[in-house]
>>> print(open('data.cif').read())   # mmCIF, C-alpha atoms and all ligand atoms
data_query
#
loop_
_atom_site.label_atom_id
_atom_site.label_comp_id
_atom_site.auth_asym_id
_atom_site.auth_seq_id
_atom_site.Cartn_x
_atom_site.Cartn_y
_atom_site.Cartn_z
CA THR A 287 -22.50 7.67 -18.57
CA ARG A 288 -20.07 5.18 -17.06
CA THR A 289 -21.19 2.62 -14.52
CA PRO A 290 -19.94 3.52 -11.06
CA VAL A 291 -16.94 1.66 -9.67
CA ASN A 292 -17.47 0.09 -6.25
CA VAL A 293 -14.68 1.04 -3.89
CA THR A 294 -14.48 -0.58 -0.46
CA VAL A 295 -12.42 1.04 2.28
CA THR A 296 -11.79 -0.80 5.55
CA GLY A 297 -10.86 1.18 8.64
CA ALA A 298 -12.90 3.98 7.11
CA ALA A 299 -13.30 5.74 10.46
CA GLY A 300 -9.57 5.88 11.11
CA GLN A 301 -7.20 8.74 10.37
CA ILE A 302 -6.05 7.43 6.98
CA GLY A 303 -9.68 6.77 6.11
CA TYR A 304 -10.53 10.38 6.88
CA ALA A 305 -7.79 11.63 4.56
CA LEU A 306 -8.59 9.06 1.87
CA LEU A 307 -12.33 9.04 1.37
CA PHE A 308 -12.69 12.63 0.21
CA ARG A 309 -10.07 12.19 -2.46
CA ILE A 310 -11.66 8.97 -3.71
CA ALA A 311 -15.02 10.73 -3.87
CA SER A 312 -13.58 13.72 -5.71
CA GLY A 313 -12.17 11.53 -8.49
CA HIS A 314 -8.51 11.26 -7.62
CA LEU A 315 -8.42 7.48 -7.21
CA LEU A 316 -9.67 6.45 -10.61
CA GLY A 317 -10.02 9.57 -12.71
CA PRO A 318 -12.11 12.69 -13.12
CA ASP A 319 -14.79 10.95 -15.18
CA VAL A 320 -15.33 7.78 -13.11
CA PRO A 321 -18.30 7.73 -10.71
CA VAL A 322 -17.85 5.78 -7.49
CA ASN A 323 -19.92 3.98 -4.90
CA LEU A 324 -18.23 3.88 -1.52
CA ARG A 325 -18.49 0.93 0.89
CA LEU A 326 -17.13 1.71 4.32
CA LEU A 327 -16.22 -1.36 6.35
CA GLU A 328 -15.59 -0.85 10.04
CA ILE A 329 -15.76 -2.76 13.28
CA PRO A 330 -18.87 -2.08 15.40
CA GLN A 331 -17.06 0.54 17.54
CA GLY A 332 -16.13 2.44 14.37
CA LEU A 333 -19.56 2.58 12.75
CA LYS A 334 -20.76 5.79 14.36
CA ALA A 335 -17.65 7.73 13.38
CA ALA A 336 -17.89 6.29 9.85
CA GLU A 337 -21.45 7.60 9.69
CA GLY A 338 -20.14 11.03 10.64
CA THR A 339 -17.57 10.89 7.85
CA ALA A 340 -20.32 9.84 5.44
CA MET A 341 -22.35 12.88 6.49
CA GLU A 342 -19.40 15.07 5.58
CA LEU A 343 -18.99 13.28 2.26
CA ASP A 344 -22.65 14.04 1.55
CA ASP A 345 -22.02 17.65 2.45
CA CYS A 346 -19.34 17.93 -0.21
CA ALA A 347 -21.93 17.17 -2.93
CA PHE A 348 -19.22 15.46 -4.97
CA PRO A 349 -20.58 15.02 -8.50
CA LEU A 350 -18.87 11.61 -8.88
CA LEU A 351 -20.05 10.08 -5.60
CA ARG A 352 -23.14 7.97 -6.21
CA ASN A 353 -23.79 6.23 -2.90
CA ILE A 354 -22.24 5.30 0.42
CA GLU A 355 -22.88 2.14 2.41
CA ILE A 356 -21.57 1.61 5.90
CA THR A 357 -21.29 -1.84 7.41
CA ASP A 358 -19.44 -4.04 9.87
CA ASN A 359 -20.13 -7.15 7.81
CA PRO A 360 -17.27 -8.03 5.41
CA ASP A 361 -19.62 -9.95 3.09
CA VAL A 362 -21.70 -6.80 2.65
CA GLY A 363 -18.69 -4.48 2.56
CA PHE A 364 -17.01 -6.36 -0.29
CA ALA A 365 -20.16 -7.18 -2.29
CA GLY A 366 -19.42 -6.31 -5.90
CA ALA A 367 -16.20 -4.49 -4.97
CA ASN A 368 -13.99 -3.51 -7.89
CA VAL A 369 -11.33 -1.88 -5.73
CA ALA A 370 -10.67 -2.67 -2.06
CA LEU A 371 -8.41 -0.60 0.14
CA LEU A 372 -7.63 -2.59 3.28
CA VAL A 373 -6.59 0.09 5.73
CA GLY A 374 -7.98 -1.12 9.06
CA ALA A 375 -5.48 -3.25 10.97
CA ARG A 376 -4.41 -4.13 14.46
CA PRO A 377 -1.49 -1.88 15.47
CA ARG A 378 1.43 -3.20 17.51
CA THR A 379 0.93 -2.23 21.11
CA LYS A 380 3.53 -2.14 23.83
CA GLY A 381 4.96 -5.50 24.74
CA MET A 382 3.34 -7.25 21.77
CA GLU A 383 5.48 -9.98 20.20
CA ARG A 384 5.64 -10.38 16.45
CA GLY A 385 3.63 -13.60 16.66
CA ASP A 386 0.84 -11.82 18.56
CA LEU A 387 0.79 -9.03 16.00
CA LEU A 388 0.64 -11.47 13.09
CA SER A 389 -2.13 -13.54 14.64
CA ALA A 390 -4.19 -10.47 15.57
CA ASN A 391 -3.95 -9.29 11.99
CA GLY A 392 -4.60 -12.78 10.69
CA GLY A 393 -7.92 -12.54 12.51
CA ILE A 394 -8.73 -9.50 10.35
CA PHE A 395 -7.17 -10.26 6.96
CA LYS A 396 -8.08 -13.94 6.68
CA PRO A 397 -11.85 -13.36 6.95
CA GLN A 398 -11.58 -10.27 4.76
CA GLY A 399 -9.72 -12.30 2.11
CA LYS A 400 -12.48 -14.90 2.22
CA ALA A 401 -15.17 -12.23 1.98
CA ILE A 402 -13.39 -10.77 -1.06
CA ASN A 403 -13.16 -14.25 -2.57
CA ASP A 404 -16.88 -14.86 -2.09
CA ASN A 405 -18.35 -11.43 -2.83
CA ALA A 406 -16.11 -9.10 -4.82
CA ALA A 407 -16.42 -8.38 -8.54
CA ASP A 408 -14.35 -10.48 -10.97
CA ASP A 409 -12.02 -7.57 -11.67
CA ILE A 410 -11.29 -6.87 -7.97
CA LYS A 411 -8.03 -5.09 -7.22
CA VAL A 412 -6.84 -5.10 -3.60
CA LEU A 413 -4.40 -2.75 -1.92
CA VAL A 414 -3.35 -3.56 1.64
CA VAL A 415 -2.25 -0.51 3.63
CA GLY A 416 -2.71 -1.83 7.18
CA ASN A 417 0.52 -3.07 8.71
CA PRO A 418 2.35 -5.35 8.49
CA ALA A 419 1.10 -4.64 4.98
CA ASN A 420 3.03 -7.20 2.93
CA THR A 421 2.21 -10.12 5.18
CA ASN A 422 -1.38 -9.00 5.73
CA ALA A 423 -1.73 -8.98 1.93
CA LEU A 424 -0.32 -12.51 1.82
CA ILE A 425 -2.84 -13.68 4.42
CA ALA A 426 -5.76 -12.13 2.52
CA GLN A 427 -4.50 -13.52 -0.78
CA ALA A 428 -4.17 -17.04 0.61
CA ALA A 429 -7.76 -16.87 1.84
CA ALA A 430 -9.00 -15.97 -1.66
CA PRO A 431 -8.10 -18.96 -3.87
CA ASP A 432 -10.61 -17.99 -6.58
CA VAL A 433 -9.09 -14.53 -7.10
CA PRO A 434 -5.90 -14.34 -9.18
CA ALA A 435 -3.04 -13.89 -6.70
CA GLU A 436 -1.67 -10.84 -8.53
CA ARG A 437 -4.73 -8.81 -7.55
CA PHE A 438 -3.44 -8.63 -3.98
CA THR A 439 -0.91 -5.89 -3.49
CA ALA A 440 0.70 -4.10 -0.54
CA MET A 441 1.57 -0.43 -0.29
CA THR A 442 5.17 0.70 -0.60
CA ARG A 443 4.23 3.81 -2.55
CA LEU A 444 4.58 6.02 0.50
CA ASP A 445 8.18 4.83 0.83
CA HIS A 446 8.64 5.43 -2.90
CA ASN A 447 7.30 8.97 -2.64
CA ARG A 448 9.38 9.66 0.46
CA ALA A 449 12.53 8.50 -1.34
CA ILE A 450 11.81 10.72 -4.35
CA SER A 451 11.30 13.69 -2.08
CA GLN A 452 14.56 13.07 -0.16
CA LEU A 453 16.47 12.65 -3.40
CA ALA A 454 15.01 15.87 -4.79
CA ALA A 455 15.99 17.74 -1.63
CA LYS A 456 19.55 16.38 -1.74
CA THR A 457 20.16 17.23 -5.40
CA GLY A 458 18.04 20.33 -5.81
CA ALA A 459 16.13 18.60 -8.61
CA ALA A 460 12.40 18.91 -9.12
CA VAL A 461 10.40 15.94 -7.91
CA SER A 462 9.00 15.60 -11.42
CA ASP A 463 12.53 15.15 -12.84
CA ILE A 464 13.09 11.98 -10.79
CA LYS A 465 12.20 8.70 -12.44
CA ARG A 466 12.75 4.96 -12.01
CA LEU A 467 13.24 4.93 -8.30
CA THR A 468 12.64 1.53 -6.68
CA ILE A 469 11.60 0.34 -3.25
CA TRP A 470 12.53 -3.32 -2.80
CA GLY A 471 11.31 -5.74 -0.16
CA ASN A 472 9.16 -5.18 2.89
CA HIS A 473 7.29 -2.07 4.00
CA SER A 474 9.34 -2.01 7.19
CA ALA A 475 12.63 -0.68 8.45
CA THR A 476 14.43 -3.23 6.24
CA GLN A 477 13.03 -1.83 2.98
CA TYR A 478 15.60 -0.81 0.39
CA PRO A 479 15.15 2.40 -1.57
CA ASP A 480 17.35 1.93 -4.67
CA ILE A 481 18.65 4.91 -6.64
CA PHE A 482 21.13 2.99 -8.80
CA HIS A 483 18.65 2.78 -11.67
CA ALA A 484 16.92 6.04 -10.89
CA GLU A 485 17.29 9.04 -13.16
CA ILE A 486 17.39 12.73 -12.38
CA ALA A 487 16.53 14.77 -15.46
CA GLY A 488 17.83 11.87 -17.55
CA LYS A 489 21.11 11.37 -15.67
CA ASN A 490 21.86 8.40 -13.43
CA ALA A 491 20.85 9.38 -9.90
CA ALA A 492 23.64 7.49 -8.11
CA GLU A 493 26.19 9.29 -10.32
CA VAL A 494 24.56 12.66 -9.72
CA VAL A 495 24.62 12.05 -5.96
CA ASN A 496 28.07 10.47 -6.05
CA ASP A 497 28.12 9.95 -2.30
CA GLU A 498 27.82 6.36 -1.11
CA LEU A 499 28.19 7.43 2.52
CA TRP A 500 25.12 9.67 2.22
CA LEU A 501 23.27 6.82 0.57
CA ALA A 502 24.09 4.29 3.29
CA ASP A 503 24.03 6.51 6.36
CA THR A 504 21.48 9.19 5.56
CA PHE A 505 19.21 8.48 2.62
CA ILE A 506 18.29 4.85 3.30
CA PRO A 507 17.69 5.26 7.06
CA THR A 508 15.81 8.54 6.57
CA VAL A 509 13.39 6.91 4.15
CA ALA A 510 13.08 3.70 6.17
CA LYS A 511 12.52 5.50 9.48
CA ARG A 512 10.39 8.34 8.19
CA GLY A 513 7.23 6.86 9.72
CA ALA A 514 8.77 7.03 13.19
CA ALA A 515 10.02 10.59 12.57
CA ILE A 516 6.49 11.68 11.63
CA ILE A 517 5.07 10.15 14.81
CA GLU A 518 7.76 11.92 16.82
CA ALA A 519 6.98 15.29 15.21
CA ARG A 520 3.24 15.10 14.76
CA GLY A 521 2.30 13.02 17.76
CA ALA A 522 0.35 10.78 15.39
CA SER A 523 1.30 8.50 12.52
CA SER A 524 1.39 9.49 8.85
CA ALA A 525 -2.16 9.76 7.61
CA ALA A 526 -2.53 12.29 4.78
CA SER A 527 0.69 11.15 3.11
CA ALA A 528 -0.32 7.49 3.52
CA ALA A 529 -3.74 8.23 2.02
CA ASN A 530 -2.05 10.11 -0.83
CA ALA A 531 0.19 7.14 -1.52
CA ALA A 532 -2.80 4.78 -1.56
CA ILE A 533 -4.45 7.06 -4.12
CA ASP A 534 -1.23 7.07 -6.19
CA HIS A 535 -0.87 3.27 -5.99
CA VAL A 536 -4.35 2.52 -7.28
CA HIS A 537 -4.35 5.38 -9.78
CA THR A 538 -1.11 4.13 -11.31
CA TRP A 539 -2.29 0.50 -11.30
CA VAL A 540 -5.49 1.44 -13.12
CA ASN A 541 -4.23 4.21 -15.38
CA GLY A 542 -0.64 3.16 -16.13
CA THR A 543 2.91 4.36 -15.55
CA ALA A 544 4.35 7.07 -17.78
CA GLU A 545 6.56 6.04 -20.68
CA GLY A 546 10.12 5.61 -19.45
CA ASP A 547 9.17 5.53 -15.78
CA TRP A 548 8.11 2.90 -13.27
CA THR A 549 6.72 2.70 -9.75
CA SER A 550 7.06 0.49 -6.67
CA MET A 551 4.37 -1.95 -5.55
CA GLY A 552 4.30 -4.82 -3.08
CA ILE A 553 3.18 -7.76 -5.24
CA PRO A 554 3.33 -11.57 -5.16
CA SER A 555 6.81 -12.51 -6.35
CA ASP A 556 7.15 -14.62 -9.50
CA GLY A 557 10.73 -15.43 -8.48
CA SER A 558 12.25 -12.41 -10.23
CA TYR A 559 15.53 -11.07 -8.80
CA GLY A 560 15.87 -14.12 -6.56
CA VAL A 561 12.85 -13.18 -4.44
CA PRO A 562 11.11 -16.44 -3.45
CA GLU A 563 7.92 -17.02 -5.41
CA GLY A 564 4.69 -16.19 -3.59
CA ILE A 565 5.91 -13.76 -0.94
CA ILE A 566 4.58 -10.23 -1.31
CA SER A 567 7.60 -8.04 -1.89
CA SER A 568 8.09 -4.61 -3.36
CA PHE A 569 9.45 -4.49 -6.92
CA PRO A 570 9.91 -1.96 -9.69
CA VAL A 571 6.82 -2.31 -11.89
CA THR A 572 5.32 -0.77 -14.97
CA THR A 573 1.56 -0.73 -15.33
CA LYS A 574 -0.71 -0.63 -18.35
CA ASP A 575 -4.41 -1.35 -18.90
CA GLY A 576 -4.94 -2.29 -15.26
CA LYS A 577 -2.08 -4.82 -15.19
CA TYR A 578 1.43 -4.58 -13.82
CA GLU A 579 4.70 -6.17 -14.84
CA ILE A 580 7.98 -6.40 -12.95
CA VAL A 581 10.75 -4.45 -14.68
CA GLN A 582 13.21 -7.12 -15.82
CA GLY A 583 16.90 -7.17 -16.51
CA LEU A 584 18.14 -4.62 -13.99
CA ASP A 585 21.70 -5.10 -12.95
CA ILE A 586 21.82 -5.50 -9.16
CA ASN A 587 25.14 -4.44 -7.64
CA GLU A 588 26.58 -5.81 -4.40
CA PHE A 589 25.37 -2.86 -2.33
CA SER A 590 21.81 -3.43 -3.52
CA ARG A 591 21.94 -7.23 -3.40
CA ALA A 592 22.77 -7.35 0.31
CA ARG A 593 19.96 -4.96 1.17
CA ILE A 594 17.33 -6.63 -1.02
CA ASP A 595 18.28 -10.00 0.45
CA ALA A 596 17.98 -8.71 4.03
CA SER A 597 14.49 -7.34 3.48
CA VAL A 598 13.38 -10.45 1.59
CA GLN A 599 14.75 -12.57 4.43
CA GLU A 600 12.46 -10.70 6.83
CA LEU A 601 9.49 -11.31 4.53
CA THR A 602 10.32 -15.00 4.32
CA GLU A 603 10.41 -15.19 8.11
CA GLU A 604 7.04 -13.44 8.36
CA ARG A 605 5.65 -15.88 5.80
CA ASP A 606 6.98 -18.84 7.76
CA ALA A 607 5.52 -17.42 10.98
CA VAL A 608 2.01 -16.99 9.53
CA ARG A 609 2.27 -20.45 7.99
CA GLU A 610 3.05 -21.91 11.40
CA LEU A 611 0.09 -20.03 12.85
CA GLY A 612 -2.13 -21.64 10.21
CA LEU A 613 -2.98 -18.27 8.68
CA ILE A 614 -1.94 -19.21 5.14
P1 LIG B 701 -6.38 4.28 12.87
O1 LIG B 701 -6.19 3.50 14.13
O2 LIG B 701 -6.63 5.74 12.92
O3 LIG B 701 -7.60 3.63 12.08
C1 LIG B 701 -7.76 2.28 11.89
C2 LIG B 701 -9.25 2.01 11.72
O4 LIG B 701 -9.41 0.64 11.37
C3 LIG B 701 -10.06 2.24 12.99
O5 LIG B 701 -11.17 3.07 12.70
C4 LIG B 701 -10.52 0.82 13.36
O6 LIG B 701 -11.83 0.81 13.96
C5 LIG B 701 -10.56 0.15 12.00
N1 LIG B 701 -10.50 -1.31 12.03
C6 LIG B 701 -9.79 -2.11 12.87
N2 LIG B 701 -10.04 -3.40 12.60
C7 LIG B 701 -10.88 -3.42 11.56
C8 LIG B 701 -11.52 -4.46 10.84
N3 LIG B 701 -11.33 -5.75 11.16
N4 LIG B 701 -12.34 -4.14 9.82
C9 LIG B 701 -12.57 -2.84 9.51
N5 LIG B 701 -12.02 -1.81 10.17
C10 LIG B 701 -11.19 -2.10 11.18
O7 LIG B 701 -5.13 3.92 11.96
P2 LIG B 701 -4.57 4.69 10.68
O8 LIG B 701 -3.64 5.76 11.10
O9 LIG B 701 -5.72 5.05 9.80
O10 LIG B 701 -3.67 3.55 10.02
C11 LIG B 701 -4.24 2.36 9.50
C12 LIG B 701 -3.16 1.35 9.16
O11 LIG B 701 -2.33 1.82 8.12
C13 LIG B 701 -2.22 1.01 10.32
O12 LIG B 701 -2.04 -0.40 10.33
C14 LIG B 701 -0.94 1.69 9.94
O13 LIG B 701 0.18 1.03 10.48
C15 LIG B 701 -0.98 1.53 8.44
N6 LIG B 701 -0.09 2.41 7.68
C16 LIG B 701 0.54 1.89 6.58
C17 LIG B 701 1.37 2.64 5.80
C18 LIG B 701 2.07 2.05 4.61
O14 LIG B 701 2.92 2.76 4.03
N7 LIG B 701 1.81 0.83 4.17
C19 LIG B 701 1.61 4.05 6.13
C20 LIG B 701 0.89 4.54 7.27
C21 LIG B 701 0.07 3.73 8.01
#
>>> encode(input="data.cif", output="structure tokens", more="lines below")
Ligand code: NAI
Amino acid sequence: TRTPVNVTVTGAAGQIGYALLFRIASGHLLGPDVPVNLRLLEIPQGLKAAEGTAMELDDCAFPLLRNIEITDNPDVGFAGANVALLVGARPRTKGMERGDLLSANGGIFKPQGKAINDNAADDIKVLVVGNPANTNALIAQAAAPDVPAERFTAMTRLDHNRAISQLAAKTGAAVSDIKRLTIWGNHSATQYPDIFHAEIAGKNAAEVVNDELWLADTFIPTVAKRGAAIIEARGASSAASAANAAIDHVHTWVNGTAEGDWTSMGIPSDGSYGVPEGIISSFPVTTKDGKYEIVQGLDINEFSRARIDASVQELTEERDAVRELGLI
């Protein structure tokens, strides 16, 4: 039998955690034949609720779930971790300035990055979900100099999935017919969902849509502001869909993209497409054998260029701000 994979989830007692843990334990994160050990990392106030969730996980008698550890100590939580899902974060509260938000999250992601550096397994893969995800991932990555930078990623898969769904609804296509969609930039309102290279049942998506006004005035803002629309409707932020996207992100990273398709991941830039090296930006990537590569050679038209640049500009400003705060 295979050795269990150690999966650490921070913010395990939160609403995404509640939607995520059961799917990890049932084999959807890594595969139906991969046993897992779960490490739930919370803050002291979250421990009791995490214990309650662990009781429910026990009650599912998942055949793949070997053991569960609950802790508020990052060194313990990341010990031997092969996969870390950093979900717990400090949300923006009313009246909070960007600098306050970044420093509050720096206080979480810097020590967690160091704990990953010092305790995780050599093959550690990190997905940051907690917002601001890209910059939190950068903070954690900078605090982990012994871990290859490319192991730190940020989640834009929810945006990717949202864009596919909107495009399917617009064109009447099946979700499974849509390929090669790209989210560029930051997981924020500036993100750019790009359909110019996407395909719908083998045809170019932008040509199938043939409606630049819809693209600019409906599609892009709908995808970018979907999080706010969910809060408005549900009275709480996206949780099940965010958890689903986290599952998709890691599953694709570990198990590979399908031939002829790609996905979107926030990853440290290597300078491709004029995105400054080092910032964690979303790109089109293919994955294979647990590694990802940026899709190269895409022609970027003027419409796309302006939007990619605007989102990257925001990421550069966030990077500069956390640098000034001494967080990276
Ligand atoms: P939540 O507030 O329900 O849960 C957060 C949990 O994190 C709480 O249980 C809290 O105790 C815990 N926590 C806080 N600081 C921690 C620390 N230092 N170590 C360990 N645990 C800690 O929030 P929810 O709804 O689960 O969302 C979590 C994060 O995910 C938020 O930052 C949210 O903005 C983000 N998010 C990101 C998305 C993306 O597409 N990248 C999509 C949706 C949400």
>>> atom_distance(input="data.cif", atom1="atom C1 of ligand LIG 701 (chain B)", atom2="CA of Gly300 (chain A)")
4.1 Å
>>> closest_residue(input="data.cif", among="A:Ile410, A:Ile394, A:Phe589, A:Ala532", to="Pro479 (chain A)", atoms="all atoms listed in the file")
A:Phe589
>>> axis_aligned_box(input="data.cif", around="ligand LIG 701 (chain B)", padding_each_side="5 Å", output="lines of an AutoDock Vina configuration file")
center_x = -4.8
center_y = 0.0
center_z = 9.1
size_x = 25.5
size_y = 21.5
size_z = 20.1
>>> residues_near_ligand(input="data.cif", ligand="ligand LIG 701 (chain B)", cutoff="6 Å", atoms="all atoms listed in the file", output="mmCIF file with C-alpha atoms, in the coordinates of the input")
data_model
loop_
_atom_site.group_PDB
_atom_site.id
_atom_site.type_symbol
_atom_site.label_atom_id
_atom_site.label_comp_id
_atom_site.auth_asym_id
_atom_site.auth_seq_id
_atom_site.Cartn_x
_atom_site.Cartn_y
_atom_site.Cartn_z
ATOM 1 C CA THR A 296 -11.790 -0.800 5.550
ATOM 2 C CA GLY A 297 -10.860 1.180 8.640
ATOM 3 C CA ALA A 298 -12.900 3.980 7.110
ATOM 4 C CA ALA A 299 -13.300 5.740 10.460
ATOM 5 C CA GLY A 300 -9.570 5.880 11.110
ATOM 6 C CA GLN A 301 -7.200 8.740 10.370
ATOM 7 C CA ILE A 302 -6.050 7.430 6.980
ATOM 8 C CA GLY A 303 -9.680 6.770 6.110
ATOM 9 C CA LEU A 327 -16.220 -1.360 6.350
ATOM 10 C CA GLU A 328 -15.590 -0.850 10.040
ATOM 11 C CA ILE A 329 -15.760 -2.760 13.280
ATOM 12 C CA GLY A 332 -16.130 2.440 14.370
ATOM 13 C CA VAL A 373 -6.590 0.090 5.730
ATOM 14 C CA GLY A 374 -7.980 -1.120 9.060
ATOM 15 C CA ALA A 375 -5.480 -3.250 10.970
ATOM 16 C CA ARG A 376 -4.410 -4.130 14.460
ATOM 17 C CA PRO A 377 -1.490 -1.880 15.470
ATOM 18 C CA ILE A 394 -8.730 -9.500 10.350
ATOM 19 C CA VAL A 415 -2.250 -0.510 3.630
ATOM 20 C CA GLY A 416 -2.710 -1.830 7.180
ATOM 21 C CA ASN A 417 0.520 -3.070 8.710
ATOM 22 C CA ALA A 419 1.100 -4.640 4.980
ATOM 23 C CA MET A 441 1.570 -0.430 -0.290
ATOM 24 C CA THR A 442 5.170 0.700 -0.600
ATOM 25 C CA LEU A 444 4.580 6.020 0.500
ATOM 26 C CA SER A 523 1.300 8.500 12.520
ATOM 27 C CA SER A 524 1.390 9.490 8.850
ATOM 28 C CA ALA A 525 -2.160 9.760 7.610
ATOM 29 C CA ALA A 528 -0.320 7.490 3.520
#
>>> residues_near_point(input="data.cif", point="(3.1, -4.9, -15.5)", cutoff="12 Å", atoms="all atoms listed in the file", output="list in words")
Glu436, Arg437, Thr538, Trp539, Val540, Asn541, Gly542, Thr543, Trp548, Thr549, Ser550, Met551, Ile553, Phe569, Pro570, Val571, Thr572, Thr573, Lys574, Asp575, Gly576, Lys577, Tyr578, Glu579, Ile580, Val581 and Gln582 of chain A
>>> closest_atom_pairs(input="data.cif", of="region 401-487 of chain A", to="region 366-370 of chain A", cutoff="8 Å", atoms="only C-alpha atoms", output="Markdown table")
| residue | atom | partner | partner_atom | distance |
| --- | --- | --- | --- | --- |
| A:Ile402 | CA | A:Ala367 | CA | 7.9 |
| A:Asn405 | CA | A:Gly366 | CA | 6.1 |
| A:Ala406 | CA | A:Gly366 | CA | 4.5 |
| A:Ala407 | CA | A:Gly366 | CA | 4.5 |
| A:Asp408 | CA | A:Asn368 | CA | 7.6 |
| A:Asp409 | CA | A:Asn368 | CA | 5.9 |
| A:Ile410 | CA | A:Asn368 | CA | 4.3 |
| A:Lys411 | CA | A:Val369 | CA | 4.8 |
| A:Val412 | CA | A:Ala370 | CA | 4.8 |
| A:Leu413 | CA | A:Ala370 | CA | 6.3 |
>>> residues_around(input="data.cif", residues="Ala401 (chain A)", least_positions_apart="6", cutoff="8 Å", atoms="all atoms listed in the file", output="PyMOL selection string")
chain A and resi 360-361+364
>>> closest_residue(input="data.cif", among="A:Leu371, A:Val433, A:Val320, A:Ala365", to="Pro349 (chain A)", atoms="all atoms listed in the file")
A:Val320
>>> closest_residue(input="data.cif", among="A:Glu563, A:Asp404, A:Asp497, A:Asp547", to="His483 (chain A)", atoms="all atoms listed in the file")
A:Asp547
>>> residues_around(input="data.cif", residues="Ile425 (chain A)", least_positions_apart="4", cutoff="8 Å", atoms="only C-alpha atoms", output="ChimeraX atom specification")
/A:392,395-396,399,421,429,608,613-614
>>> atom_distance(input="data.cif", atom1="CA of Trp500 (chain A)", atom2="CA of Ala487 (chain A)")
20.3 Å
>>> closest_residue(input="data.cif", among="A:Ile565, A:Ala311, A:Ala347, A:Ile469", to="Gln599 (chain A)", atoms="all atoms listed in the file")
A:Ile565
>>> residues_around(input="data.cif", residues="Ile566 (chain A)", least_positions_apart="6", cutoff="9 Å", atoms="all atoms listed in the file", output="number ranges by chain")
A: 420-421, 423-424, 438-440, 471-472, 552-555, 601
>>> atom_distance(input="data.cif", atom1="CA of Val295 (chain A)", atom2="CA of Leu326 (chain A)")
5.2 Å
>>> closest_residue(input="data.cif", among="A:Ser590, A:Gly363, A:Arg309, A:Gly338", to="Asn292 (chain A)", atoms="only C-alpha atoms")
A:Gly363
